[in-house]
Each structure stands twice: as C-alpha cells, then as structure tokens.
file input27.txt (compact mmCIF, C-alpha atoms and all ligand atoms)
# COMPACT_ATOMS: atom_id res chain seq x y z
CA MET A 1134 9.99 -152.79 -45.06
CA GLU A 1135 11.15 -155.12 -47.85
CA ILE A 1136 10.62 -153.69 -51.35
CA GLY A 1137 10.98 -155.61 -54.59
CA PHE A 1138 12.56 -153.89 -57.60
CA LEU A 1139 12.28 -155.18 -61.19
CA GLY A 1140 14.43 -153.57 -63.88
CA LEU A 1141 17.92 -152.26 -63.20
CA GLY A 1142 18.52 -150.07 -66.22
CA ILE A 1143 19.70 -146.46 -65.96
CA MET A 1144 16.75 -145.45 -63.78
CA GLY A 1145 16.06 -148.67 -61.86
CA LYS A 1146 19.67 -149.01 -60.78
CA ALA A 1147 19.83 -145.44 -59.44
CA MET A 1148 16.43 -145.70 -57.74
CA SER A 1149 17.11 -149.04 -56.03
CA ILE A 1150 20.55 -147.90 -54.82
CA ASN A 1151 18.87 -144.83 -53.39
CA LEU A 1152 16.33 -146.96 -51.50
CA LEU A 1153 19.13 -149.18 -50.12
CA HIS A 1154 21.12 -146.13 -48.98
CA HIS A 1155 18.04 -144.91 -47.11
CA GLY A 1156 17.68 -148.11 -45.11
CA PHE A 1157 15.11 -150.04 -47.15
CA LYS A 1158 15.63 -153.77 -47.64
CA VAL A 1159 15.48 -154.31 -51.41
CA THR A 1160 15.19 -157.53 -53.42
CA VAL A 1161 16.06 -156.98 -57.08
CA TRP A 1162 15.57 -158.76 -60.38
CA ASN A 1163 16.73 -157.84 -63.85
CA ARG A 1164 16.23 -159.71 -67.15
CA THR A 1165 20.01 -159.70 -67.58
CA LEU A 1166 20.66 -161.12 -64.14
CA SER A 1167 24.36 -160.10 -64.04
CA LYS A 1168 23.23 -156.48 -63.61
CA CYS A 1169 22.08 -157.45 -60.09
CA ASP A 1170 25.69 -157.94 -58.95
CA GLU A 1171 26.35 -154.24 -58.44
CA LEU A 1172 23.18 -153.94 -56.37
CA VAL A 1173 24.30 -156.81 -54.14
CA GLU A 1174 27.41 -154.75 -53.36
CA HIS A 1175 25.03 -152.05 -52.07
CA GLY A 1176 23.19 -154.57 -49.86
CA ALA A 1177 20.41 -155.88 -52.11
CA THR A 1178 19.17 -159.47 -52.24
CA VAL A 1179 18.51 -161.05 -55.65
CA GLY A 1180 15.29 -162.79 -56.73
CA GLU A 1181 15.66 -165.32 -59.54
CA THR A 1182 12.38 -164.33 -61.23
CA PRO A 1183 9.77 -161.53 -60.96
CA ALA A 1184 7.47 -164.04 -59.21
CA ALA A 1185 10.17 -164.85 -56.64
CA VAL A 1186 10.61 -161.14 -55.87
CA VAL A 1187 6.88 -160.54 -55.48
CA LYS A 1188 6.53 -163.59 -53.24
CA LYS A 1189 9.16 -162.19 -50.87
CA CYS A 1190 8.09 -158.52 -50.74
CA LYS A 1191 4.97 -156.71 -49.55
CA TYR A 1192 5.20 -154.48 -52.57
CA THR A 1193 7.27 -154.46 -55.74
CA ILE A 1194 8.32 -151.59 -58.00
CA ALA A 1195 9.01 -152.02 -61.73
CA MET A 1196 11.07 -149.68 -63.95
CA LEU A 1197 11.09 -151.20 -67.42
CA SER A 1198 11.81 -149.94 -70.91
CA ASP A 1199 8.43 -149.93 -72.65
CA PRO A 1200 4.91 -151.42 -72.81
CA SER A 1201 6.06 -154.78 -74.14
CA ALA A 1202 8.61 -155.19 -71.31
CA ALA A 1203 6.02 -154.11 -68.73
CA LEU A 1204 3.55 -156.72 -70.03
CA SER A 1205 6.12 -159.49 -70.29
CA VAL A 1206 7.29 -159.14 -66.67
CA VAL A 1207 3.71 -159.37 -65.42
CA PHE A 1208 2.12 -161.97 -67.74
CA ASP A 1209 4.96 -164.34 -68.75
CA LYS A 1210 5.88 -167.56 -66.94
CA ASP A 1211 7.44 -166.82 -63.54
CA GLY A 1212 5.93 -163.35 -63.84
CA VAL A 1213 4.40 -161.00 -61.28
CA LEU A 1214 0.85 -162.41 -61.60
CA GLU A 1215 1.86 -165.79 -60.20
CA GLN A 1216 2.47 -164.41 -56.70
CA ILE A 1217 0.54 -161.12 -56.60
CA ASN A 1218 -2.36 -162.27 -54.39
CA GLY A 1219 -2.37 -159.98 -51.31
CA LYS A 1220 0.60 -157.92 -52.57
CA GLY A 1221 1.11 -154.49 -54.15
CA TYR A 1222 2.65 -153.76 -57.56
CA ILE A 1223 3.87 -150.29 -58.60
CA ASP A 1224 4.86 -149.76 -62.22
CA MET A 1225 7.01 -146.64 -62.60
CA SER A 1226 7.87 -147.23 -66.28
CA THR A 1227 6.64 -144.78 -68.93
CA ILE A 1228 3.90 -146.69 -70.74
CA ASP A 1229 0.52 -145.92 -72.28
CA ALA A 1230 -2.76 -145.91 -70.34
CA GLN A 1231 -4.15 -149.00 -72.12
CA THR A 1232 -1.16 -151.12 -71.13
CA SER A 1233 -1.31 -149.85 -67.57
CA ILE A 1234 -5.04 -150.63 -67.32
CA LYS A 1235 -4.46 -154.13 -68.73
CA ILE A 1236 -1.84 -154.79 -66.05
CA SER A 1237 -4.01 -153.27 -63.33
CA ASP A 1238 -7.06 -155.39 -64.29
CA ALA A 1239 -5.02 -158.61 -64.29
CA ILE A 1240 -3.43 -157.83 -60.94
CA LYS A 1241 -6.75 -156.94 -59.33
CA ALA A 1242 -8.31 -160.15 -60.70
CA LYS A 1243 -5.58 -162.12 -58.92
CA GLY A 1244 -6.15 -160.32 -55.59
CA GLY A 1245 -3.33 -157.75 -55.79
CA ASP A 1246 -3.26 -153.94 -55.70
CA PHE A 1247 -1.85 -151.80 -58.52
CA LEU A 1248 -0.43 -148.30 -58.77
CA GLU A 1249 1.12 -146.67 -61.83
CA ALA A 1250 3.75 -144.11 -60.90
CA PRO A 1251 5.77 -142.85 -63.88
CA VAL A 1252 8.33 -140.18 -63.13
CA SER A 1253 9.53 -136.87 -64.50
CA GLY A 1254 13.27 -136.34 -64.08
CA GLY A 1255 16.21 -138.36 -65.37
CA LYS A 1256 19.30 -140.22 -64.21
CA THR A 1257 20.77 -137.51 -62.00
CA HIS A 1258 17.37 -136.79 -60.44
CA ALA A 1259 17.02 -140.52 -59.73
CA GLU A 1260 20.48 -140.60 -58.14
CA ASP A 1261 19.70 -137.54 -56.02
CA GLY A 1262 16.14 -138.53 -55.02
CA GLN A 1263 14.73 -135.55 -56.94
CA LEU A 1264 12.20 -137.25 -59.21
CA VAL A 1265 8.63 -136.03 -59.65
CA ILE A 1266 6.26 -138.96 -59.17
CA ILE A 1267 2.97 -138.99 -61.09
CA ALA A 1268 0.88 -141.73 -59.50
CA ALA A 1269 -2.62 -143.08 -60.10
CA GLY A 1270 -4.54 -146.20 -59.13
CA HIS A 1271 -4.96 -147.82 -55.71
CA LYS A 1272 -4.96 -144.92 -53.22
CA ALA A 1273 -4.10 -147.04 -50.17
CA LEU A 1274 -1.08 -148.48 -51.97
CA TYR A 1275 0.00 -144.93 -52.88
CA GLU A 1276 -0.14 -143.95 -49.21
CA GLU A 1277 1.75 -147.09 -48.20
CA ALA A 1278 4.44 -146.35 -50.79
CA LEU A 1279 4.92 -142.70 -49.74
CA PRO A 1280 7.97 -143.39 -47.52
CA ALA A 1281 9.69 -144.89 -50.59
CA PHE A 1282 8.43 -142.11 -52.89
CA ASP A 1283 9.79 -139.54 -50.42
CA VAL A 1284 13.23 -141.10 -50.86
CA LEU A 1285 12.97 -141.39 -54.66
CA GLY A 1286 11.43 -138.03 -55.37
CA LYS A 1287 10.98 -134.42 -54.31
CA LYS A 1288 7.26 -134.32 -55.10
CA SER A 1289 4.52 -136.93 -55.52
CA PHE A 1290 1.18 -136.37 -57.24
CA PHE A 1291 -1.83 -138.70 -56.98
CA LEU A 1292 -4.05 -138.20 -60.04
CA GLY A 1293 -6.86 -140.72 -59.51
CA ALA A 1294 -7.78 -143.61 -61.79
CA VAL A 1295 -5.22 -145.91 -63.44
CA GLY A 1296 -4.25 -144.46 -66.83
CA ASP A 1297 -4.32 -140.83 -65.72
CA GLY A 1298 -0.71 -140.94 -64.48
CA ALA A 1299 0.42 -142.54 -67.73
CA LYS A 1300 -1.37 -139.89 -69.79
CA MET A 1301 0.07 -137.02 -67.75
CA LYS A 1302 3.59 -138.41 -68.13
CA LEU A 1303 3.18 -138.73 -71.91
CA ALA A 1304 1.98 -135.11 -72.11
CA VAL A 1305 5.05 -134.00 -70.13
CA ASN A 1306 7.40 -135.87 -72.46
CA ALA A 1307 5.65 -134.62 -75.59
CA VAL A 1308 6.58 -131.11 -74.41
CA MET A 1309 10.13 -132.18 -73.56
CA GLY A 1310 10.77 -133.92 -76.89
CA SER A 1311 9.47 -130.90 -78.79
CA MET A 1312 11.61 -128.53 -76.70
CA MET A 1313 14.73 -130.59 -77.35
CA ASN A 1314 14.22 -130.30 -81.11
CA ALA A 1315 13.65 -126.53 -80.97
CA PHE A 1316 16.74 -126.19 -78.77
CA SER A 1317 18.82 -128.27 -81.21
CA GLU A 1318 17.76 -126.06 -84.12
CA GLY A 1319 18.66 -122.92 -82.19
CA LEU A 1320 22.11 -124.29 -81.34
CA ARG A 1321 22.82 -125.27 -84.96
CA LEU A 1322 21.50 -121.93 -86.23
CA VAL A 1323 23.80 -119.95 -83.97
CA GLU A 1324 26.78 -122.17 -84.78
CA ARG A 1325 26.29 -121.98 -88.57
CA SER A 1326 25.78 -118.24 -88.34
CA GLY A 1327 29.31 -117.95 -86.98
CA LEU A 1328 28.22 -117.18 -83.42
CA ASN A 1329 29.21 -118.83 -80.15
CA PRO A 1330 26.60 -121.43 -79.10
CA GLY A 1331 27.81 -121.02 -75.50
CA THR A 1332 26.52 -117.44 -75.68
CA LEU A 1333 23.11 -118.77 -76.79
CA LEU A 1334 22.96 -120.87 -73.60
CA ASP A 1335 23.74 -117.76 -71.55
CA VAL A 1336 21.21 -115.58 -73.35
CA LEU A 1337 18.46 -118.21 -73.01
CA ASP A 1338 19.29 -118.70 -69.35
CA HIS A 1339 18.81 -115.01 -68.61
CA GLY A 1340 15.45 -114.81 -70.39
CA ALA A 1341 11.94 -116.22 -70.21
CA MET A 1342 13.06 -119.64 -71.49
CA SER A 1343 15.51 -120.41 -68.69
CA ASN A 1344 14.86 -124.03 -67.74
CA GLY A 1345 16.46 -127.16 -66.27
CA LEU A 1346 16.49 -129.03 -69.58
CA PHE A 1347 18.56 -126.45 -71.47
CA LYS A 1348 20.79 -125.94 -68.42
CA SER A 1349 21.57 -129.64 -68.04
CA LYS A 1350 21.78 -130.68 -71.70
CA GLY A 1351 23.24 -127.52 -73.27
CA PRO A 1352 26.81 -127.90 -71.93
CA THR A 1353 27.05 -131.61 -72.85
CA MET A 1354 25.64 -130.97 -76.34
CA LEU A 1355 28.31 -128.29 -76.88
CA LYS A 1356 30.91 -130.94 -76.00
CA ASN A 1357 29.30 -133.38 -78.45
CA SER A 1358 28.81 -135.76 -75.51
CA TYR A 1359 25.77 -138.02 -75.60
CA ASN A 1360 26.25 -140.59 -72.83
CA PRO A 1361 22.71 -141.80 -72.26
CA GLY A 1362 20.92 -140.24 -69.30
CA PHE A 1363 17.61 -140.71 -71.10
CA PRO A 1364 18.07 -142.99 -74.14
CA LEU A 1365 16.81 -141.51 -77.40
CA LYS A 1366 14.91 -144.73 -78.27
CA HIS A 1367 12.80 -144.26 -75.11
CA MET A 1368 12.03 -140.63 -75.96
CA GLN A 1369 10.87 -141.75 -79.42
CA LYS A 1370 8.66 -144.39 -77.72
CA ASP A 1371 7.15 -141.64 -75.54
CA MET A 1372 6.53 -139.34 -78.53
CA ARG A 1373 4.85 -142.24 -80.38
CA LEU A 1374 2.61 -143.00 -77.38
CA ALA A 1375 1.81 -139.30 -76.84
CA LEU A 1376 0.79 -138.90 -80.49
CA ALA A 1377 -1.49 -141.95 -80.16
CA LEU A 1378 -3.08 -140.29 -77.11
CA GLY A 1379 -3.51 -137.11 -79.17
CA ASP A 1380 -5.18 -139.15 -81.89
CA GLU A 1381 -7.57 -140.80 -79.40
CA ASN A 1382 -8.60 -137.36 -78.14
CA ALA A 1383 -8.70 -135.60 -81.54
CA VAL A 1384 -5.90 -133.24 -80.50
CA PRO A 1385 -3.75 -132.02 -83.40
CA MET A 1386 -0.08 -132.24 -82.36
CA PRO A 1387 1.91 -130.97 -85.35
CA VAL A 1388 4.93 -129.89 -83.28
CA ALA A 1389 5.21 -133.23 -81.45
CA ALA A 1390 4.70 -135.09 -84.75
CA VAL A 1391 7.68 -133.36 -86.36
CA ALA A 1392 9.76 -133.95 -83.23
CA ASN A 1393 8.83 -137.63 -83.36
CA GLU A 1394 10.03 -137.78 -86.98
CA ALA A 1395 13.38 -136.34 -85.91
CA PHE A 1396 13.77 -138.95 -83.14
CA GLU A 1397 12.69 -141.69 -85.57
CA LYS A 1398 15.31 -140.50 -88.07
CA ALA A 1399 17.94 -140.42 -85.31
CA LYS A 1400 17.02 -143.95 -84.27
CA SER A 1401 17.25 -145.23 -87.84
CA THR A 1402 20.78 -143.84 -88.11
CA GLY A 1403 21.93 -145.78 -85.04
CA LEU A 1404 21.56 -143.08 -82.38
CA GLY A 1405 18.85 -144.85 -80.34
CA ASP A 1406 21.07 -145.87 -77.44
CA LEU A 1407 22.62 -142.39 -77.05
CA ASP A 1408 21.06 -139.65 -74.96
CA PHE A 1409 17.96 -138.09 -76.52
CA SER A 1410 19.88 -134.83 -76.97
CA ALA A 1411 21.76 -136.64 -79.79
CA VAL A 1412 18.76 -135.74 -81.96
CA ILE A 1413 20.79 -132.61 -82.80
CA LYS A 1414 22.95 -134.89 -84.95
CA THR A 1415 20.08 -135.18 -87.43
CA LEU A 1416 20.79 -131.52 -88.23
CA ASN A 1417 24.41 -132.17 -89.31
N1 LIG A 1501 16.37 -142.54 -68.37
C1 LIG A 1501 15.58 -141.55 -68.03
O1 LIG A 1501 16.00 -140.38 -67.93
C2 LIG A 1501 14.12 -141.80 -67.75
C3 LIG A 1501 13.46 -142.95 -68.14
N2 LIG A 1501 12.13 -143.09 -67.86
C4 LIG A 1501 11.42 -144.31 -68.24
O2 LIG A 1501 11.83 -145.32 -67.33
C5 LIG A 1501 11.87 -146.58 -67.97
C6 LIG A 1501 13.28 -147.17 -67.84
O3 LIG A 1501 14.18 -146.27 -68.46
P1 LIG A 1501 15.77 -146.49 -68.40
O4 LIG A 1501 16.16 -147.02 -67.09
O5 LIG A 1501 16.36 -145.23 -68.90
O6 LIG A 1501 15.92 -147.61 -69.52
P2 LIG A 1501 17.08 -148.68 -69.76
O7 LIG A 1501 17.04 -148.98 -71.22
O8 LIG A 1501 18.36 -148.23 -69.15
O9 LIG A 1501 16.58 -149.96 -68.93
C7 LIG A 1501 15.49 -150.71 -69.38
C8 LIG A 1501 15.19 -151.84 -68.41
O10 LIG A 1501 14.11 -152.62 -68.93
C9 LIG A 1501 14.52 -153.98 -68.99
N3 LIG A 1501 13.85 -154.68 -70.08
C10 LIG A 1501 13.77 -154.32 -71.38
N4 LIG A 1501 13.03 -155.20 -72.08
C11 LIG A 1501 12.63 -156.16 -71.20
C12 LIG A 1501 11.83 -157.32 -71.30
N5 LIG A 1501 11.28 -157.69 -72.46
N6 LIG A 1501 11.62 -158.05 -70.19
C13 LIG A 1501 12.15 -157.68 -69.00
N7 LIG A 1501 12.92 -156.59 -68.83
C14 LIG A 1501 13.15 -155.83 -69.92
C15 LIG A 1501 16.02 -153.93 -69.19
O11 LIG A 1501 16.59 -155.18 -68.86
P3 LIG A 1501 18.03 -155.62 -69.48
O12 LIG A 1501 19.06 -155.00 -68.59
O13 LIG A 1501 18.01 -157.09 -69.43
O14 LIG A 1501 18.09 -155.09 -70.88
C16 LIG A 1501 16.37 -152.82 -68.21
O15 LIG A 1501 16.35 -153.28 -66.91
C17 LIG A 1501 11.42 -146.33 -69.40
O16 LIG A 1501 10.04 -146.58 -69.48
C18 LIG A 1501 11.73 -144.86 -69.61
O17 LIG A 1501 10.92 -144.27 -70.60
C19 LIG A 1501 11.43 -142.15 -67.16
C20 LIG A 1501 12.03 -141.00 -66.74
C21 LIG A 1501 13.42 -140.72 -67.04
O1 LIG A 1502 11.13 -139.63 -69.32
C1 LIG A 1502 12.23 -139.09 -69.16
C2 LIG A 1502 12.35 -137.74 -68.68
C3 LIG A 1502 13.76 -137.27 -68.49
C4 LIG A 1502 13.78 -136.02 -67.66
O2 LIG A 1502 12.73 -135.55 -67.20
O3 LIG A 1502 14.91 -135.51 -67.46

call {"tool": "encode", "arguments": {"input": "input27.txt", "output": "structure tokens"}}
result
Amino acid sequence: MEIGFLGLGIMGKAMSINLLHHGFKVTVWNRTLSKCDELVEHGATVGETPAAVVKKCKYTIAMLSDPSAALSVVFDKDGVLEQINGKGYIDMSTIDAQTSIKISDAIKAKGGDFLEAPVSGGKTHAEDGQLVIIAAGHKALYEEALPAFDVLGKKSFFLGAVGDGAKMKLAVNAVMGSMMNAFSEGLRLVERSGLNPGTLLDVLDHGAMSNGLFKSKGPTMLKNSYNPGFPLKHMQKDMRLALALGDENAVPMPVAAVANEAFEKAKSTGLGDLDFSAVIKTLN
C-alpha cells in the first residue's frame, strides 16, 4: 500500500525509512525539500507539495514540529485539504487537542478521514520500530493503519474521540519533562558534593526509580553530549501545552510549571536545538 509521509525531521525521517525497509511504498514531502534526497536513496518517491502526496496515497502520515506547522501543512495553499476527499490523514505530531480537532473538522468537511496518533518514544525507538502509538479519531482508519503502526511501534492504543490522544501524550510528556529536571538536579547535587555521578546512575538503576529515561540519557549527560534526539524546544512546547490543558481542567501543576520555566530558560540561552537533557546546563 502506498503511504504518504509529510515531515522528515528527526522522527519523520526514521519512521519513513522504517516503513520503506518493511516493504511499504512511501511518497515523502518536507518543507525543506532537499531533506527528501536521503529518503529517495532508501526507495521513496517525492511529492512536490502536501496536496500532491495526498492525491497519490490512500493515506498520509504527518510528523511535524508543532501546532502551527500542523495547521500550515493542512490549511495553506497546496495543503492536505485540497486533495483529502476520500483519503485518510494521520497526524502523529505532538499537538494540543484544539488544534487536532480543528484539523479533524476541516478534513471531515472535505470528505476525508482523520486520526491523531502522537507517539511516546524518541529517535532510537523510531529507528527500531519501538514507538508507543496513542491514537484517537476515525476507528476504521486506525484499523487500516495498523500494519504501518505495527512496523513503527511496539504497542498501539486507540483512545476514542479526536483530542484524547493529544491530551494523553501531553500528560506523558509533562511527567517526562518534570523527571528530566529532577534527574538533572540529582546529577548536579552528587557532582558538587564531590561524589561520582556515574555511581548515582547505578544506584538509581538498582532501586525503585530504574527507568528507560535515566538509562538512556544518564550516560550521554555525563559525557556532556546533547546531540538532539528530542529537541529541547519541542519539550518546552509540550510542557506549555500540558500546562494549558491543566489550566482548562483546573489541575494545579506546580512541578510541571517549574520544569517548564527551566526549559524556557534553556531555550532563551540558545539551547533549544540541543537534546532536552541539556536543561541540566541551566544548573551550571
Ligand atoms: N524527537 C523526538 O524524540 C520526539 C518528537 N515528537 C514530536 O514529533 C514531532 C516532530 O519532532 P522531531 O522530528 O523531533 O522534530 P524536528 O524539529 O526534527 O522536525 C520538525 C519537522 O517539522 C517541519 N516543519 C516545521 N515547521 C514547519 C512548517 N511551518 N511547515 C511545514 N513543515 C514544518 C520541519 O521541516 P524543515 O525540515 O523544513 O524544518 C521538520 O520536517 C514534534 O511534534 C515532536 O514534539 C514525539 C516523540 C518523540
Ligand atoms: O515526545 C517525545 C518523547 C521522547 C521519548 O519518549 O523518548
């Protein structure tokens, strides 16, 4: 089956290569078109615009940076809406529920089907097909997309109405952003107390807080290496959107609010394009 793929950043590139390696025909588009070249080497075809991709494919996946990018690709000239009649559109970007519903309503009004399917898991999970997919929206489209989701991820959830997947993803990242700040403080505390931060990783790993995040980010943070797996600017976007969701639901989120401030500070000092673990640098 031919799948369209819009957005070849860190995640989109890994995900579309994975689909190609598993025998899917993939037509790609990226705002910076030159990024499609590497995908062509893996067997992809290039569409000149989002509309051209949608026209060619039964369903199209998008993996874009933020709500404004997600809206632009759908609503702008040569965008998804122009060719969506009778087709499926699956937005896997991390965006807020309101944006997702706006996209869904427009697509349905033009005769298309919509599924939101944000993911938990980062670059290496995308490369290894180990993402966790948190879908909501058109159930039949979810079922149709399962062969692709089975390649991209290790587990897929279907939560129901459009917006519910987006909200769940924001809750997951609110926890992750808060954990990263607590972890950073622990590492600095141990270091400044004259202890070996490597030992902290070991102690944590043998206790109740052993987890994949500390295991994957701890060693690179000790090497002061912040090549972006998950860009810090996107984590700050997720914290901002999660806090707005908290506000809508009258949920106090003091821990996430402080974590958001740390990511905001990191962004304002030029760390936005580094991995989100670079937030530890705000503690220098
Ligand atoms: N990295 C990670 O670990 C994870 C990321 N996510 C989420 O996935 C999404 C993508 O993340 P990631 O791949 O890391 O991000 P990147 O910054 O690497 O890629 C962003 C993509 O969005 C495109 N884009 C940005 N603005 C626009 C616009 N106005 N119009 C069209 N395209 C645009 C970029 O195009 P161009 O190349 O032209 O700039 C690029 O293809 C985000 O929502 C992120 O929160 C979810 C789970 C994990
Ligand atoms: O949204 C990004 C999540 C990154 C991860 O789960 O490793």

call {"tool": "closest_residue", "arguments": {"input": "input27.txt", "among": "A:Leu1248, A:Pro1364, A:Pro1385, A:Ala1307", "to": "Leu1279 in chain A", "atoms": "all atoms listed in the file"}}
result
A:Leu1248

call {"tool": "residues_near_ligand", "arguments": {"input": "input27.txt", "ligand": "ligand LIG 1501 (chain A)", "cutoff": "9 Å", "atoms": "only C-alpha atoms and all ligand atoms", "output": "VMD selection string"}}
result
chain A and resid 1139 to 1147 1162 to 1168 1195 to 1206 1225 to 1228 1251 to 1259 1264 1302 1306 1361 to 1364 1366 to 1368 1370 to 1371 1406 1408

call {"tool": "atom_distance", "arguments": {"input": "input27.txt", "atom1": "CA of Ala1389 in chain A", "atom2": "CA of Val1412 in chain A"}}
result
13.8 Å

call {"tool": "closest_residue", "arguments": {"input": "input27.txt", "among": "A:Glu1181, A:Asp1238, A:Glu1318, A:Glu1260", "to": "Thr1160 in chain A", "atoms": "all atoms listed in the file"}}
result
A:Glu1181

call {"tool": "residues_around", "arguments": {"input": "input27.txt", "residues": "Phe1157 in chain A", "least_positions_apart": "5", "cutoff": "10 Å", "atoms": "only C-alpha atoms", "output": "ChimeraX atom specification"}}
result
/A:1134-1136,1149-1152,1176-1177,1280-1281,1284

call {"tool": "axis_aligned_box", "arguments": {"input": "input27.txt", "around": "ligand LIG 1502 (chain A)", "padding_each_side": "3 Å", "output": "lines of an AutoDock Vina configuration file"}}
result
center_x = 13.0
center_y = -137.6
center_z = -68.3
size_x = 9.8
size_y = 10.1
size_z = 8.1

call {"tool": "atom_distance", "arguments": {"input": "input27.txt", "atom1": "CA of Ala1269 in chain A", "atom2": "CA of Phe1208 in chain A"}}
result
20.9 Å

call {"tool": "closest_residue", "arguments": {"input": "input27.txt", "among": "A:Lys1158, A:Lys1235, A:Lys1348, A:Lys1188", "to": "ligand LIG 1502 (chain A)", "atoms": "all atoms listed in the file"}}
result
A:Lys1348

call {"tool": "closest_residue", "arguments": {"input": "input27.txt", "among": "A:Ile1234, A:Leu1346, A:Leu1334, A:Lys1191", "to": "ligand LIG 1502 (chain A)", "atoms": "only C-alpha atoms and all ligand atoms"}}
result
A:Leu1346

call {"tool": "closest_residue", "arguments": {"input": "input27.txt", "among": "A:Ser1289, A:Gln1263, A:Asn1417, A:Ser1326", "to": "ligand LIG 1502 (chain A)", "atoms": "only C-alpha atoms and all ligand atoms"}}
result
A:Gln1263

call {"tool": "atom_distance", "arguments": {"input": "input27.txt", "atom1": "CA of Asn1344 in chain A", "atom2": "CA of Pro1330 in chain A"}}
result
16.5 Å

call {"tool": "residues_around", "arguments": {"input": "input27.txt", "residues": "Ala1392 in chain A", "least_positions_apart": "3", "cutoff": "12 Å", "atoms": "only C-alpha atoms", "output": "PyMOL selection string"}}
result
chain A and resi 1306-1318+1365+1368-1373+1375-1376+1386-1389+1395-1399+1409-1410+1412-1413+1415

call {"tool": "closest_residue", "arguments": {"input": "input27.txt", "among": "A:Gly1262, A:Gly1270, A:Gly1156, A:Gly1345", "to": "ligand LIG 1502 (chain A)", "atoms": "all atoms listed in the file"}}
result
A:Gly1345
